[in-house]
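One file, coords-v8.pdb, is given below (PDB, C-alpha atoms).
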```pdb
ATOM      1  CA  MET A   1     140.587  72.219 318.502
ATOM      2  CA  ALA A   2     142.410  74.012 315.743
ATOM      3  CA  SER A   3     140.776  76.148 313.103
ATOM      4  CA  PRO A   4     142.220  76.299 309.578
ATOM      5  CA  PHE A   5     141.672  80.049 309.712
ATOM      6  CA  GLY A   6     143.640  80.770 312.859
ATOM      7  CA  ARG A   7     142.101  81.619 316.179
ATOM      8  CA  VAL A   8     138.405  82.307 316.352
ATOM      9  CA  PRO A   9     137.885  85.931 317.404
ATOM     10  CA  HIS A  10     136.786  86.479 320.972
ATOM     11  CA  PHE A  11     135.437  89.589 322.590
ATOM     12  CA  SER A  12     137.390  91.545 325.184
ATOM     13  CA  PRO A  13     135.591  93.307 328.065
ATOM     14  CA  GLU A  14     135.977  96.624 326.209
ATOM     15  CA  MET A  15     133.936  95.245 323.330
ATOM     16  CA  ARG A  16     130.909  94.305 325.450
ATOM     17  CA  GLY A  17     127.863  96.141 324.312
ATOM     18  CA  HIS A  18     129.337  96.439 320.820
ATOM     19  CA  ARG A  19     128.861  92.821 319.779
ATOM     20  CA  SER A  20     126.219  93.708 317.221
ATOM     21  CA  ALA A  21     128.850  95.631 315.228
ATOM     22  CA  ILE A  22     131.116  92.598 315.068
ATOM     23  CA  PRO A  23     129.722  89.479 313.393
ATOM     24  CA  GLU A  24     129.902  86.416 315.589
ATOM     25  CA  VAL A  25     131.809  83.556 314.049
ATOM     26  CA  ARG A  26     130.164  80.199 314.698
ATOM     27  CA  VAL A  27     132.659  77.381 314.526
ATOM     28  CA  GLY A  28     131.680  73.764 314.017
ATOM     29  CA  LYS A  29     133.739  70.604 313.752
ATOM     30  CA  PHE A  30     134.552  68.141 311.007
ATOM     31  CA  ILE A  31     135.350  64.766 312.551
ATOM     32  CA  TYR A  32     137.035  62.166 310.354
ATOM     33  CA  ASP A  33     136.891  58.516 311.389
ATOM     34  CA  GLY A  34     136.254  59.499 315.028
ATOM     35  CA  ASP A  35     139.893  60.444 315.451
ATOM     36  CA  ILE A  36     140.764  63.588 313.502
ATOM     37  CA  LYS A  37     138.862  66.718 314.532
ATOM     38  CA  VAL A  38     139.201  70.136 312.949
ATOM     39  CA  GLU A  39     137.201  73.328 313.360
ATOM     40  CA  PHE A  40     135.639  75.166 310.439
ATOM     41  CA  GLU A  41     133.346  78.166 310.419
ATOM     42  CA  ASP A  42     129.730  76.892 310.175
ATOM     43  CA  ARG A  43     129.078  78.420 306.741
ATOM     44  CA  LEU A  44     132.231  76.861 305.269
ATOM     45  CA  LEU A  45     131.426  73.554 306.986
ATOM     46  CA  ALA A  46     127.976  73.513 305.344
ATOM     47  CA  HIS A  47     129.571  73.971 301.901
ATOM     48  CA  LEU A  48     132.167  71.288 302.595
ATOM     49  CA  GLN A  49     129.438  68.907 303.755
ATOM     50  CA  ALA A  50     127.407  69.448 300.575
ATOM     51  CA  VAL A  51     130.426  68.749 298.349
ATOM     52  CA  ILE A  52     131.777  65.823 300.384
ATOM     53  CA  MET A  53     128.428  64.076 300.768
ATOM     54  CA  ALA A  54     127.592  64.440 297.057
ATOM     55  CA  LYS A  55     130.831  62.667 296.161
ATOM     56  CA  VAL A  56     130.444  59.990 298.855
ATOM     57  CA  ARG A  57     126.853  59.255 297.725
ATOM     58  CA  ARG A  58     128.251  58.570 294.243
ATOM     59  CA  GLY A  59     130.820  56.188 295.737
ATOM     60  CA  GLU A  60     133.745  58.496 294.931
ATOM     61  CA  SER A  61     136.935  58.686 296.996
ATOM     62  CA  PHE A  62     139.199  61.729 297.139
ATOM     63  CA  PRO A  63     141.756  63.529 299.321
ATOM     64  CA  PHE A  64     140.646  66.448 301.511
ATOM     65  CA  THR A  65     143.365  68.860 302.675
ATOM     66  CA  TRP A  66     143.311  71.804 305.062
ATOM     67  CA  LYS A  67     145.880  74.043 306.747
ATOM     68  CA  ASP A  68     146.450  73.368 310.426
ATOM     69  CA  ASP A  69     146.350  76.119 313.017
ATOM     70  CA  ILE A  70     149.682  77.392 314.262
ATOM     71  CA  SER A  71     148.630  76.365 317.799
ATOM     72  CA  ILE A  72     149.077  72.714 316.790
ATOM     73  CA  GLY A  73     152.247  73.293 314.836
ATOM     74  CA  GLY A  74     150.954  74.644 311.538
ATOM     75  CA  GLY A  75     151.446  72.639 308.390
ATOM     76  CA  ARG A  76     148.581  70.856 306.716
ATOM     77  CA  THR A  77     146.549  67.687 307.068
ATOM     78  CA  THR A  78     145.184  65.472 304.309
ATOM     79  CA  VAL A  79     142.620  62.727 304.849
ATOM     80  CA  TYR A  80     141.375  60.258 302.266
ATOM     81  CA  VAL A  81     137.587  60.488 302.122
ATOM     82  CA  HIS A  82     135.803  57.346 300.930
ATOM     83  CA  PRO A  83     132.318  55.844 301.335
ATOM     84  CA  ASN A  84     133.341  53.520 304.203
ATOM     85  CA  VAL A  85     134.778  56.137 306.568
ATOM     86  CA  SER A  86     132.861  57.766 309.416
ATOM     87  CA  LEU A  87     132.314  61.495 308.824
ATOM     88  CA  VAL A  88     130.681  63.843 311.330
ATOM     89  CA  PHE A  89     129.744  67.463 310.648
ATOM     90  CA  LYS A  90     129.022  69.095 314.030
ATOM     91  CA  TYR A  91     127.695  72.660 313.834
ATOM     92  CA  HIS A  92     127.833  75.300 316.556
ATOM     93  CA  GLY A  93     124.640  77.017 315.380
ATOM     94  CA  SER A  94     121.247  75.449 314.803
ATOM     95  CA  ARG A  95     120.334  77.330 311.614
ATOM     96  CA  ASN A  96     121.292  76.092 308.160
ATOM     97  CA  PRO A  97     123.451  78.680 306.379
ATOM     98  CA  GLN A  98     122.459  79.740 302.885
ATOM     99  CA  LEU A  99     124.670  77.980 300.348
ATOM    100  CA  SER A 100     126.463  79.863 297.589
ATOM    101  CA  SER A 101     126.250  78.139 294.207
ATOM    102  CA  SER A 102     129.534  79.690 293.043
ATOM    103  CA  TRP A 103     131.359  78.479 296.167
ATOM    104  CA  LEU A 104     129.862  74.991 295.791
ATOM    105  CA  HIS A 105     130.944  74.965 292.148
ATOM    106  CA  ALA A 106     134.510  76.037 293.012
ATOM    107  CA  LEU A 107     134.848  73.492 295.846
ATOM    108  CA  THR A 108     133.401  70.721 293.657
ATOM    109  CA  TYR A 109     135.809  71.619 290.865
ATOM    110  CA  ASN A 110     138.715  71.272 293.318
ATOM    111  CA  ALA A 111     137.370  68.010 294.750
ATOM    112  CA  ASN A 112     137.213  66.536 291.238
ATOM    113  CA  SER A 113     140.804  67.525 290.463
ATOM    114  CA  GLY A 114     143.849  65.369 291.094
ATOM    115  CA  ARG A 115     144.748  67.508 294.102
ATOM    116  CA  GLY A 116     141.393  66.827 295.746
ATOM    117  CA  LEU A 117     139.234  69.026 297.945
ATOM    118  CA  TYR A 118     140.867  71.935 299.738
ATOM    119  CA  VAL A 119     139.523  75.028 301.431
ATOM    120  CA  ILE A 120     139.263  78.181 299.343
ATOM    121  CA  PRO A 121     137.702  81.544 300.203
ATOM    122  CA  GLU A 122     134.152  82.210 299.096
ATOM    123  CA  PRO A 123     134.109  83.776 295.616
ATOM    124  CA  ASP A 124     132.775  87.329 295.455
ATOM    125  CA  GLU A 125     129.403  86.894 293.757
ATOM    126  CA  SER A 126     129.049  90.637 293.209
ATOM    127  CA  THR A 127     131.883  90.531 290.687
ATOM    128  CA  PRO A 128     130.517  89.194 287.416
ATOM    129  CA  ARG A 129     132.537  86.348 285.990
ATOM    130  CA  GLU A 130     133.540  86.753 282.400
ATOM    131  CA  PRO A 131     132.069  83.921 280.406
ATOM    132  CA  GLN A 132     134.791  81.726 279.037
ATOM    133  CA  GLN A 133     134.662  81.458 275.295
ATOM    134  CA  ARG A 134     134.690  77.882 274.145
ATOM    135  CA  ALA A 135     136.272  77.202 270.833
ATOM    136  CA  GLU A 136     133.777  75.674 268.475
ATOM    137  CA  MET A 137     134.551  72.074 267.789
ATOM    138  CA  VAL A 138     134.769  71.377 264.086
ATOM    139  CA  PHE A 139     134.710  67.870 262.701
ATOM    140  CA  SER A 140     135.902  67.137 259.215
ATOM    141  CA  GLU A 141     136.657  64.023 257.288
ATOM    142  CA  VAL A 142     140.247  62.913 257.015
ATOM    143  CA  PRO A 143     141.210  62.180 253.394
ATOM    144  CA  ASN A 144     142.279  58.574 252.830
ATOM    145  CA  ASP A 145     145.859  59.580 252.049
ATOM    146  CA  GLN A 146     146.144  61.233 255.510
ATOM    147  CA  ALA A 147     144.524  58.444 257.495
ATOM    148  CA  PRO A 148     146.711  56.970 260.229
ATOM    149  CA  VAL A 149     148.683  53.945 259.176
ATOM    150  CA  ALA A 150     149.218  51.035 261.544
ATOM    151  CA  ILE A 151     152.894  50.346 261.982
ATOM    152  CA  ARG A 152     153.799  46.715 262.360
ATOM    153  CA  SER A 153     157.061  45.590 263.747
TER     154      SER A 153
END
```
Take the structure in this file and express it as structure tokens.
Amino acid sequence: MASPFGRVPHFSPEMRGHRSAIPEVRVGKFIYDGDIKVEFEDRLLAHLQAVIMAKVRRGESFPFTWKDDISIGGGRTTVYVHPNVSLVFKYHGSRNPQLSSSWLHALTYNANSGRGLYVIPEPDESTPREPQQRAEMVFSEVPNDQAPVAIRS
């Protein structure tokens, strides 16, 4: 199975005994309609599941795109997620990863866009985001002489 992040690291014989210094990457699978299978790191898969299932529960359909591993030719794959398709989220590990609210927000924002859901790196939560200033909305009456005029042909 291909991972959208390239090959999953493995440990050479020289690294034995030093595994604690290198974090183990647990890779699960996203299975679409029983046919398309792709590997994602468990933590990313948990975030994708939260976003995808929230949209499916609301009856929303959307495209989901990921980059394919070079071992299967590279490129990218897009599937159309909708409430009537079979989706399986198969995790390697048994523990539920802690979800990042900023990553969920960013993935949800993408999923709601015209481009649809696509994989992005986890935002660095240690870097404070600058609050975006919203322009104050001001309503005023339009004088009668400036009111729109219906044009009849």
Using all atoms listed in the file for the distances, tell me which of A:Lys67, A:Lys55, A:Lys90, A:Arg115 is nearest to Glu41 in chain A.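 Using all atoms listed in the file, Glu41 in chain A sits closest to A:Lys90.
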Nearest to Thr108 in chain A: which of A:Ile36, A:Gly28, A:Ile120, A:Gly75 is it, counting all atoms listed in the file?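 That would be A:Ile120, the residue with the smallest distance to Thr108 in chain A.
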Residues selected by the PyMOL selection byres ((chain A and resi 38) around 12), written as a PyMOL selection string: chain A and resi 1-6+27-37+39-42+45+65-69+72+76-79+87-91
Selection result of the PyMOL selection byres ((chain A and resi 95) around 12) on this file, as number ranges by chain: A: 26, 42-43, 46, 91-94, 96-98
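Minimum distance to His105 in chain A across A:Val85, A:Val25, A:Ala50, A:Val56 (counting all atoms listed in the file) occurs at A:Ala50.
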Show me, as a list in words, the residues that have an atom within 8 Å of Leu107 in chain A when counting all atoms listed in the file, minus same-chain residues fewer than 6 positions from it. Leu48, Val51, Leu117, Tyr118, Val119 and Ile120 of chain A
With C-alpha atoms retained, export the selected residues as a PDB file, keeping the file's coordinate frame.
```
ATOM      1  CA  LEU A  48     132.167  71.288 302.595  1.00  0.00           C
ATOM      2  CA  VAL A  51     130.426  68.749 298.349  1.00  0.00           C
ATOM      3  CA  LEU A 117     139.234  69.026 297.945  1.00  0.00           C
ATOM      4  CA  TYR A 118     140.867  71.935 299.738  1.00  0.00           C
ATOM      5  CA  VAL A 119     139.523  75.028 301.431  1.00  0.00           C
ATOM      6  CA  ILE A 120     139.263  78.181 299.343  1.00  0.00           C
TER       7      ILE A 120
END
```
Please measure the separation of CA of Glu122 in chain A and CA of Ser101 in chain A, giving the value in Å to one decimal.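 Atom-to-atom, CA of Glu122 in chain A to CA of Ser101 in chain A, that is 10.1 Å.
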Could you pull range 72-97 of chain A out of the structure just shown and give N, CA, C and O atoms as an mmCIF file, in the first residue's frame?
```cif
data_model
loop_
_atom_site.group_PDB
_atom_site.id
_atom_site.type_symbol
_atom_site.label_atom_id
_atom_site.label_comp_id
_atom_site.auth_asym_id
_atom_site.auth_seq_id
_atom_site.Cartn_x
_atom_site.Cartn_y
_atom_site.Cartn_z
ATOM 1 N N ILE A 72 3.892 3.751 -6.630
ATOM 2 C CA ILE A 72 2.765 3.389 -7.492
ATOM 3 C C ILE A 72 2.607 4.379 -8.640
ATOM 4 O O ILE A 72 1.545 4.500 -9.227
ATOM 5 N N GLY A 73 3.677 5.120 -8.897
ATOM 6 C CA GLY A 73 3.676 6.000 -10.052
ATOM 7 C C GLY A 73 3.517 7.468 -9.748
ATOM 8 O O GLY A 73 3.497 8.296 -10.645
ATOM 9 N N GLY A 74 3.391 7.828 -8.483
ATOM 10 C CA GLY A 74 3.240 9.237 -8.126
ATOM 11 C C GLY A 74 1.889 9.770 -8.552
ATOM 12 O O GLY A 74 0.921 9.030 -8.677
ATOM 13 N N GLY A 75 1.816 11.051 -8.774
ATOM 14 C CA GLY A 75 0.557 11.666 -9.162
ATOM 15 C C GLY A 75 -0.334 11.904 -7.955
ATOM 16 O O GLY A 75 0.135 12.042 -6.829
ATOM 17 N N ARG A 76 -1.622 11.929 -8.212
ATOM 18 C CA ARG A 76 -2.575 12.138 -7.123
ATOM 19 C C ARG A 76 -3.855 11.378 -7.436
ATOM 20 O O ARG A 76 -4.130 11.025 -8.579
ATOM 21 N N THR A 77 -4.624 11.150 -6.400
ATOM 22 C CA THR A 77 -5.909 10.460 -6.519
ATOM 23 C C THR A 77 -6.973 11.331 -5.882
ATOM 24 O O THR A 77 -6.748 11.916 -4.822
ATOM 25 N N THR A 78 -8.130 11.407 -6.525
ATOM 26 C CA THR A 78 -9.280 12.103 -5.958
ATOM 27 C C THR A 78 -10.456 11.137 -5.956
ATOM 28 O O THR A 78 -10.726 10.482 -6.955
ATOM 29 N N VAL A 79 -11.131 11.060 -4.812
ATOM 30 C CA VAL A 79 -12.363 10.275 -4.712
ATOM 31 C C VAL A 79 -13.482 11.227 -4.327
ATOM 32 O O VAL A 79 -13.238 12.272 -3.730
ATOM 33 N N TYR A 80 -14.696 10.873 -4.698
ATOM 34 C CA TYR A 80 -15.852 11.700 -4.370
ATOM 35 C C TYR A 80 -16.556 11.060 -3.180
ATOM 36 O O TYR A 80 -17.159 9.999 -3.297
ATOM 37 N N VAL A 81 -16.433 11.695 -2.026
ATOM 38 C CA VAL A 81 -17.014 11.172 -0.793
ATOM 39 C C VAL A 81 -18.464 11.629 -0.712
ATOM 40 O O VAL A 81 -18.755 12.814 -0.877
ATOM 41 N N HIS A 82 -19.364 10.680 -0.460
ATOM 42 C CA HIS A 82 -20.783 10.993 -0.309
ATOM 43 C C HIS A 82 -21.388 10.016 0.699
ATOM 44 O O HIS A 82 -20.772 8.998 1.031
ATOM 45 N N PRO A 83 -22.570 10.311 1.210
ATOM 46 C CA PRO A 83 -23.152 9.487 2.277
ATOM 47 C C PRO A 83 -23.423 8.029 1.910
ATOM 48 O O PRO A 83 -23.566 7.200 2.794
ATOM 49 N N ASN A 84 -23.471 7.674 0.639
ATOM 50 C CA ASN A 84 -23.807 6.306 0.247
ATOM 51 C C ASN A 84 -22.600 5.449 -0.116
ATOM 52 O O ASN A 84 -22.770 4.346 -0.630
ATOM 53 N N VAL A 85 -21.393 5.932 0.137
ATOM 54 C CA VAL A 85 -20.200 5.165 -0.200
ATOM 55 C C VAL A 85 -19.645 4.504 1.067
ATOM 56 O O VAL A 85 -19.781 5.039 2.169
ATOM 57 N N SER A 86 -19.050 3.343 0.900
ATOM 58 C CA SER A 86 -18.443 2.628 2.017
ATOM 59 C C SER A 86 -17.073 3.228 2.321
ATOM 60 O O SER A 86 -16.219 3.325 1.438
ATOM 61 N N LEU A 87 -16.878 3.644 3.567
ATOM 62 C CA LEU A 87 -15.600 4.201 4.015
ATOM 63 C C LEU A 87 -15.102 3.382 5.194
ATOM 64 O O LEU A 87 -15.868 3.115 6.125
ATOM 65 N N VAL A 88 -13.839 2.991 5.168
ATOM 66 C CA VAL A 88 -13.239 2.254 6.273
ATOM 67 C C VAL A 88 -11.983 2.997 6.706
ATOM 68 O O VAL A 88 -11.161 3.379 5.870
ATOM 69 N N PHE A 89 -11.844 3.194 8.008
ATOM 70 C CA PHE A 89 -10.656 3.802 8.593
ATOM 71 C C PHE A 89 -10.022 2.717 9.461
ATOM 72 O O PHE A 89 -10.538 2.404 10.532
ATOM 73 N N LYS A 90 -8.942 2.115 8.995
ATOM 74 C CA LYS A 90 -8.295 0.998 9.680
ATOM 75 C C LYS A 90 -6.993 1.495 10.273
ATOM 76 O O LYS A 90 -6.074 1.886 9.544
ATOM 77 N N TYR A 91 -6.898 1.476 11.607
ATOM 78 C CA TYR A 91 -5.724 2.000 12.305
ATOM 79 C C TYR A 91 -4.738 0.891 12.638
ATOM 80 O O TYR A 91 -5.141 -0.233 12.953
ATOM 81 N N HIS A 92 -3.460 1.221 12.635
ATOM 82 C CA HIS A 92 -2.421 0.282 13.038
ATOM 83 C C HIS A 92 -2.420 0.151 14.563
ATOM 84 O O HIS A 92 -2.353 -0.937 15.096
ATOM 85 N N GLY A 93 -2.481 1.275 15.254
ATOM 86 C CA GLY A 93 -2.448 1.281 16.716
ATOM 87 C C GLY A 93 -3.840 1.185 17.307
ATOM 88 O O GLY A 93 -4.845 1.428 16.643
ATOM 89 N N SER A 94 -3.892 0.839 18.595
ATOM 90 C CA SER A 94 -5.189 0.690 19.254
ATOM 91 C C SER A 94 -5.597 1.937 20.036
ATOM 92 O O SER A 94 -6.748 2.058 20.450
ATOM 93 N N ARG A 95 -4.677 2.860 20.247
ATOM 94 C CA ARG A 95 -4.994 4.059 21.032
ATOM 95 C C ARG A 95 -5.483 5.175 20.133
ATOM 96 O O ARG A 95 -5.005 5.351 19.017
ATOM 97 N N ASN A 96 -6.442 5.944 20.634
ATOM 98 C CA ASN A 96 -6.957 7.095 19.888
ATOM 99 C C ASN A 96 -5.984 8.261 20.038
ATOM 100 O O ASN A 96 -5.704 8.683 21.153
ATOM 101 N N PRO A 97 -5.485 8.801 18.929
ATOM 102 C CA PRO A 97 -4.587 9.956 19.031
ATOM 103 C C PRO A 97 -5.353 11.196 19.501
ATOM 104 O O PRO A 97 -6.551 11.323 19.265
#
```
